[in-house]
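Working notes, beginning with the structure itself.
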Amino acid sequence: MKKGYRDLLDEANAVVEVVSPGEAATLLDDDDTIFVDLRDPREVEREGRIPGARHCPRGMLEFWIDPESPYHKPFFASGRNFVFFCAGGWRSALAAKTAKYMGLEPVRHILGGFTAWRDAGLPTEPGDGRN
């Protein structure tokens, strides 16, 4: 194997701003910032969510960002700031790097993801409890 996942994560974290859950929480009420939840829908249902976060399953990110895609989501063309997160901070690191390379700026991701956010006692909303 030429590169393992740790190499990819190190590369992503070298080019994307990484913020702690506490730092990210200061942006929660900022109208110029959009939180993007990359987790699988089952994770969101089971674990809950960050209030106001937009859900974008990781597998759709590139298609939702690109305005030429039939799946484009206008919030990605809003010119706002983006904070990505997943369950543990791995998918969000890779996703934020991809988003940055696609021209989305500025992008950050939460160190430790939703798990670290929740463990820090920061605001969450319950999922529907399924799965």
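In the structure tokens, the first chain shown is A, the next is B, and so on; residue numbers restart at 1 for each chain, and ligands run from 1 in the order shown.
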Do you have, as JSON lines, the list of residues of region 36-55 of chain A lying at most 9 Å from region 108-116 of chain A, each with its nearest atom pair and that distance in Å to one decimal, counting only C-alpha atoms and ordered by chain then number?
{"residue": "A:Asp37", "atom": "CA", "partner": "A:Phe114", "partner_atom": "CA", "distance": 8.6}
{"residue": "A:Glu47", "atom": "CA", "partner": "A:Phe114", "partner_atom": "CA", "distance": 8.8}
{"residue": "A:Arg49", "atom": "CA", "partner": "A:Phe114", "partner_atom": "CA", "distance": 7.8}
{"residue": "A:Ile50", "atom": "CA", "partner": "A:Phe114", "partner_atom": "CA", "distance": 7.8}
Kindly export the residues of the current selection with C-alpha atoms, as a compact mmCIF listing (two decimals), in the first residue's frame.
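part_5.txt written:
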# COMPACT_ATOMS: atom_id res chain seq x y z
CA ASP A 37 -22.88 16.72 9.35
CA GLU A 47 -26.80 9.59 18.21
CA ARG A 49 -27.28 16.09 15.96
CA ILE A 50 -25.74 19.49 16.43
For Thr98 (chain A), list every protein, DNA or RNA residue within 12 Å, evaluated using only C-alpha atoms, and leave out those in the same chain fewer than 2 positions away; present the list as JSON, numbers by chain. {"A": [8, 9, 11, 12, 13, 15, 16, 58, 59, 60, 61, 62, 63, 65, 66, 84, 91, 92, 93, 94, 95, 96, 100, 101, 102, 103, 104, 105, 107, 108, 109]}
Run DSSP on the backbone of this structure and report the residues of chain A it assigns to strand (DSSP E or B), as JSON, numbers by chain. {"A": [17, 18, 19, 33, 34, 35, 36, 37, 49, 54, 55, 81, 82, 83, 84, 85, 107, 108, 109, 110, 125]}
For Ala24 (chain A), find every residue with an atom within 9 Å (counting only C-alpha atoms), except residues of its own chain fewer than 2 positions away, and show them as a short mmCIF file (atom, residue, chain, number, x, y, z; two decimals) with N, CA, C and O atoms, in the first residue's frame.
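Final output, out02.cif:
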data_model
loop_
_atom_site.label_atom_id
_atom_site.label_comp_id
_atom_site.auth_asym_id
_atom_site.auth_seq_id
_atom_site.Cartn_x
_atom_site.Cartn_y
_atom_site.Cartn_z
N VAL A 19 -10.51 22.51 14.34
CA VAL A 19 -10.96 23.25 15.52
C VAL A 19 -11.44 22.28 16.58
O VAL A 19 -11.98 21.22 16.27
N SER A 20 -11.24 22.66 17.81
CA SER A 20 -11.75 21.85 18.92
C SER A 20 -13.27 22.00 18.97
O SER A 20 -13.82 22.97 18.41
N PRO A 21 -13.94 21.10 19.66
CA PRO A 21 -15.38 21.28 19.82
C PRO A 21 -15.73 22.64 20.45
O PRO A 21 -16.67 23.30 20.01
N GLY A 22 -14.97 23.06 21.45
CA GLY A 22 -15.23 24.35 22.08
C GLY A 22 -15.08 25.52 21.13
O GLY A 22 -15.89 26.46 21.14
N THR A 26 -18.29 28.19 19.42
CA THR A 26 -18.39 29.65 19.36
C THR A 26 -18.95 30.12 18.03
O THR A 26 -19.37 31.26 17.90
N LEU A 27 -18.96 29.24 17.03
CA LEU A 27 -19.47 29.58 15.70
C LEU A 27 -20.91 29.14 15.48
O LEU A 27 -21.50 29.42 14.45
N LEU A 28 -21.46 28.44 16.44
CA LEU A 28 -22.78 27.83 16.28
C LEU A 28 -23.87 28.86 15.96
O LEU A 28 -24.75 28.60 15.15
N VAL A 83 -18.10 24.34 8.68
CA VAL A 83 -17.49 23.50 9.70
C VAL A 83 -18.03 22.09 9.48
O VAL A 83 -19.23 21.84 9.65
N ARG A 108 -13.40 24.17 7.81
CA ARG A 108 -12.76 23.66 9.01
C ARG A 108 -13.39 22.30 9.31
O ARG A 108 -14.44 21.99 8.78
N HIS A 109 -12.75 21.57 10.22
CA HIS A 109 -13.43 20.38 10.70
C HIS A 109 -13.16 20.23 12.19
O HIS A 109 -12.19 20.74 12.72
N ILE A 110 -14.10 19.55 12.86
CA ILE A 110 -14.06 19.43 14.31
C ILE A 110 -13.22 18.23 14.73
O ILE A 110 -13.51 17.09 14.36
N TRP A 117 -17.76 16.50 20.55
CA TRP A 117 -18.72 17.59 20.80
C TRP A 117 -19.67 17.19 21.93
O TRP A 117 -19.85 17.92 22.90
#
